[in-house]
Amino acid sequence: MDPCEVVVAVDLGGTRMKCGLVAADGAVLHRETRPTPRDAGGRAVLDALLETVVELGQKATADGHRVRAIGVVVPGVIDAATGTVGAENLAWAGTPVLAELTAAVGADVPVVLAHDVRAGGYAELRHGALAGTTNSMFLPLGTGIAAAMVVDGSLVSGDGYAGELGHTRFVHGDGAEQCACGQWGCLETVASAAALARRYGARTGRTVDGAREVLELLAAGDPDAAQVWDDALTVLVDALVLYTTLVAPTRIAIGGGLVGAGETLLQPLRDGIHARLTFQREPEIVAAVLGEEAGCLGAAQMAWDRVAADENEGAV
């Protein structure tokens, strides 16, 4: 492999870190996955992240490459002004992630810290299902739910707070469950992959192997799986109709684990939105295309954008 310039990209998830060394043309020169030691606590997660970034940089150097920047994407709420992160599933609360990363790699290498879903949406915008759009949304349905919002050509950050569609309330009354965020009746409590498995277990008393098994039971005609699935579709349509009315996307790309259901998911969403809209512009509903690599590729793209911005600033 010929030496070249690369960025280190890490997508830190609740169970795994997806990592890469990525060239300026988007070529992934090295891929690896490492466990996230979530059960060991927030400090252990941060230490594992720092170790991963440093070791990937060392590998790049050993292979003859020059590291130009670091791109790290994480779940939770990122304070853009301070670089601190609050993420319940990582046991982080006001954790100074950006400062620790900068200290670990040195001041000569710029570090970009961003939200994992926004990074995934950015990758889909640049190279995937949202390419060519100026008003669109990337909505991964996984363990949790958040959205990457593209509005008038720009990815909306809201100082690190934007896009938490999963924590909007769509269930009221006795059927509302408490969400991990503390609110009752959030979209995430019904329509996430984790919610499907939990709600099926609550209805039947059976433990299932995640949303995958619920979908298998659905395909086999299980009535309880059908009810749990219909409940999820109902609130997802509510959420997409609300988003469409407010922001008018032309395309919505659905990602995450649940998109593996294919048209069993996508067609009911299209039909539900079509039936509900009156004057609003109707969006295309499509599957995201970059899969589990979206976050890591987005981290790399954001890191290369930082390199280009620094070079342009230096040239002025």
# chains A, B, ... in the order shown; residues from 1 in each chain; ligands from 1

call {"tool": "residues_around", "arguments": {"residues": "Leu242 of chain A", "least_positions_apart": "6", "cutoff": "10 Å", "atoms": "only C-alpha atoms", "output": "ChimeraX atom specification"}}
result
/A:236,248,273,277

call {"tool": "write_last_selection", "arguments": {"atoms": "N, CA, C and O atoms", "output": "PDB file, in the first residue's frame"}}
result
ATOM      1  N   LEU A 236     -44.342   5.967  14.288  1.00  0.00           N
ATOM      2  CA  LEU A 236     -43.374   6.419  13.283  1.00  0.00           C
ATOM      3  C   LEU A 236     -44.058   7.285  12.230  1.00  0.00           C
ATOM      4  O   LEU A 236     -43.514   8.320  11.824  1.00  0.00           O
ATOM      5  N   ALA A 248     -40.479  19.987   5.721  1.00  0.00           N
ATOM      6  CA  ALA A 248     -40.700  19.736   4.293  1.00  0.00           C
ATOM      7  C   ALA A 248     -39.527  19.042   3.600  1.00  0.00           C
ATOM      8  O   ALA A 248     -39.013  19.523   2.594  1.00  0.00           O
ATOM      9  N   ILE A 273     -47.990   7.929   5.556  1.00  0.00           N
ATOM     10  CA  ILE A 273     -47.737   9.349   5.330  1.00  0.00           C
ATOM     11  C   ILE A 273     -48.627   9.872   4.204  1.00  0.00           C
ATOM     12  O   ILE A 273     -49.226  10.957   4.312  1.00  0.00           O
ATOM     13  N   LEU A 277     -51.134  13.196   4.771  1.00  0.00           N
ATOM     14  CA  LEU A 277     -50.778  14.526   4.285  1.00  0.00           C
ATOM     15  C   LEU A 277     -51.905  15.123   3.459  1.00  0.00           C
ATOM     16  O   LEU A 277     -52.615  14.421   2.750  1.00  0.00           O
TER      17      LEU A 277
END

call {"tool": "closest_atom_pairs", "arguments": {"of": "segment 6-61 of chain A", "to": "segment 279-301 of chain A", "cutoff": "6 Å", "atoms": "only C-alpha atoms", "output": "Markdown table"}}
result
| residue | atom | partner | partner_atom | distance |
| --- | --- | --- | --- | --- |
| A:Ala9 | CA | A:Ala300 | CA | 5.1 |
| A:Val10 | CA | A:Cys296 | CA | 5.6 |
| A:Asp11 | CA | A:Cys296 | CA | 5.0 |

call {"tool": "residues_around", "arguments": {"residues": "Glu32 of chain A", "least_positions_apart": "5", "cutoff": "7 Å", "atoms": "only C-alpha atoms", "output": "list in words"}}
result
Lys18, Cys19 and Gly20 of chain A

call {"tool": "residues_around", "arguments": {"residues": "segment 125-141 of chain A", "least_positions_apart": "6", "cutoff": "9 Å", "atoms": "only C-alpha atoms", "output": "PyMOL selection string"}}
result
chain A and resi 117-118+147-154+165+188+191-193+247-259+283+286-290+294+298+301

call {"tool": "closest_residue", "arguments": {"among": "A:Thr264, A:Thr278, A:Thr143, A:Thr234", "to": "Arg198 of chain A", "atoms": "only C-alpha atoms"}}
result
A:Thr143

call {"tool": "select_by_dssp", "arguments": {"residues": "segment 111-182 of chain A", "states": "helix (DSSP H, G or I)", "output": "list of chain:residue names"}}
result
A:Asp116, A:Val117, A:Arg118, A:Ala119, A:Gly120, A:Gly121, A:Tyr122, A:Ala123, A:Glu124, A:Leu125, A:Arg126, A:His127, A:Gly158, A:Asp159, A:Gly160, A:Leu165, A:Gly166, A:His167, A:Gly173, A:Asp174, A:Gly175

call {"tool": "closest_residue", "arguments": {"among": "A:Cys186, A:Leu266, A:Ala114, A:Val214", "to": "Arg199 of chain A", "atoms": "only C-alpha atoms"}}
result
A:Val214

call {"tool": "decode", "arguments": {"residues": "segment 93-121 of chain A", "atoms": "N, CA and C atoms", "output": "mmCIF file, in the first residue's frame"}}
result
data_model
loop_
_atom_site.group_PDB
_atom_site.id
_atom_site.type_symbol
_atom_site.label_atom_id
_atom_site.label_comp_id
_atom_site.auth_asym_id
_atom_site.auth_seq_id
_atom_site.Cartn_x
_atom_site.Cartn_y
_atom_site.Cartn_z
ATOM 1 N N ALA A 93 -21.446 12.181 31.708
ATOM 2 C CA ALA A 93 -22.236 13.352 32.085
ATOM 3 C C ALA A 93 -21.288 14.539 32.144
ATOM 4 N N GLY A 94 -21.371 15.418 31.158
ATOM 5 C CA GLY A 94 -20.451 16.549 31.095
ATOM 6 C C GLY A 94 -19.004 16.109 30.950
ATOM 7 N N THR A 95 -18.771 15.007 30.268
ATOM 8 C CA THR A 95 -17.420 14.438 30.126
ATOM 9 C C THR A 95 -16.637 15.233 29.079
ATOM 10 N N PRO A 96 -15.424 15.696 29.413
ATOM 11 C CA PRO A 96 -14.661 16.558 28.497
ATOM 12 C C PRO A 96 -13.963 15.755 27.396
ATOM 13 N N VAL A 97 -14.746 15.198 26.512
ATOM 14 C CA VAL A 97 -14.218 14.276 25.507
ATOM 15 C C VAL A 97 -13.265 14.976 24.540
ATOM 16 N N LEU A 98 -13.637 16.143 24.048
ATOM 17 C CA LEU A 98 -12.780 16.833 23.084
ATOM 18 C C LEU A 98 -11.445 17.214 23.705
ATOM 19 N N ALA A 99 -11.466 17.738 24.922
ATOM 20 C CA ALA A 99 -10.218 18.118 25.582
ATOM 21 C C ALA A 99 -9.314 16.903 25.804
ATOM 22 N N GLU A 100 -9.896 15.782 26.184
ATOM 23 C CA GLU A 100 -9.091 14.577 26.421
ATOM 24 C C GLU A 100 -8.515 14.040 25.114
ATOM 25 N N LEU A 101 -9.286 14.070 24.051
ATOM 26 C CA LEU A 101 -8.777 13.627 22.757
ATOM 27 C C LEU A 101 -7.632 14.511 22.281
ATOM 28 N N THR A 102 -7.806 15.815 22.433
ATOM 29 C CA THR A 102 -6.770 16.750 22.004
ATOM 30 C C THR A 102 -5.486 16.534 22.793
ATOM 31 N N ALA A 103 -5.625 16.302 24.087
ATOM 32 C CA ALA A 103 -4.442 16.049 24.916
ATOM 33 C C ALA A 103 -3.754 14.747 24.518
ATOM 34 N N ALA A 104 -4.539 13.758 24.119
ATOM 35 C CA ALA A 104 -3.964 12.452 23.783
ATOM 36 C C ALA A 104 -3.200 12.463 22.465
ATOM 37 N N VAL A 105 -3.672 13.231 21.478
ATOM 38 C CA VAL A 105 -3.038 13.190 20.156
ATOM 39 C C VAL A 105 -2.092 14.358 19.921
ATOM 40 N N GLY A 106 -2.171 15.389 20.766
ATOM 41 C CA GLY A 106 -1.290 16.532 20.596
ATOM 42 C C GLY A 106 -1.963 17.650 19.819
ATOM 43 N N ALA A 107 -1.508 18.848 20.053
ATOM 44 C CA ALA A 107 -2.141 20.033 19.481
ATOM 45 C C ALA A 107 -1.932 20.160 17.977
ATOM 46 N N ASP A 108 -0.969 19.429 17.411
ATOM 47 C CA ASP A 108 -0.677 19.568 15.984
ATOM 48 C C ASP A 108 -1.685 18.855 15.094
ATOM 49 N N VAL A 109 -2.472 17.964 15.670
ATOM 50 C CA VAL A 109 -3.450 17.207 14.872
ATOM 51 C C VAL A 109 -4.853 17.656 15.269
ATOM 52 N N PRO A 110 -5.600 18.288 14.363
ATOM 53 C CA PRO A 110 -6.946 18.753 14.722
ATOM 54 C C PRO A 110 -7.886 17.584 14.993
ATOM 55 N N VAL A 111 -8.790 17.799 15.933
ATOM 56 C CA VAL A 111 -9.767 16.778 16.317
ATOM 57 C C VAL A 111 -11.168 17.324 16.080
ATOM 58 N N VAL A 112 -12.000 16.538 15.402
ATOM 59 C CA VAL A 112 -13.407 16.866 15.198
ATOM 60 C C VAL A 112 -14.237 15.893 16.027
ATOM 61 N N LEU A 113 -15.107 16.421 16.873
ATOM 62 C CA LEU A 113 -16.020 15.611 17.680
ATOM 63 C C LEU A 113 -17.434 15.932 17.236
ATOM 64 N N ALA A 114 -18.208 14.897 16.881
ATOM 65 C CA ALA A 114 -19.553 15.133 16.354
ATOM 66 C C ALA A 114 -20.497 14.030 16.812
ATOM 67 N N HIS A 115 -21.775 14.263 16.581
ATOM 68 C CA HIS A 115 -22.815 13.310 16.936
ATOM 69 C C HIS A 115 -22.843 12.173 15.919
ATOM 70 N N ASP A 116 -23.019 10.936 16.397
ATOM 71 C CA ASP A 116 -22.929 9.789 15.500
ATOM 72 C C ASP A 116 -24.009 9.787 14.430
ATOM 73 N N VAL A 117 -25.228 10.154 14.788
ATOM 74 C CA VAL A 117 -26.301 10.145 13.793
ATOM 75 C C VAL A 117 -26.118 11.272 12.784
ATOM 76 N N ARG A 118 -25.709 12.451 13.237
ATOM 77 C CA ARG A 118 -25.456 13.529 12.282
ATOM 78 C C ARG A 118 -24.325 13.153 11.337
ATOM 79 N N ALA A 119 -23.326 12.473 11.859
ATOM 80 C CA ALA A 119 -22.229 12.030 10.996
ATOM 81 C C ALA A 119 -22.724 11.018 9.971
ATOM 82 N N GLY A 120 -23.567 10.083 10.412
ATOM 83 C CA GLY A 120 -24.131 9.119 9.480
ATOM 84 C C GLY A 120 -24.976 9.794 8.415
ATOM 85 N N GLY A 121 -25.755 10.788 8.834
ATOM 86 C CA GLY A 121 -26.556 11.545 7.881
ATOM 87 C C GLY A 121 -25.695 12.310 6.898
#
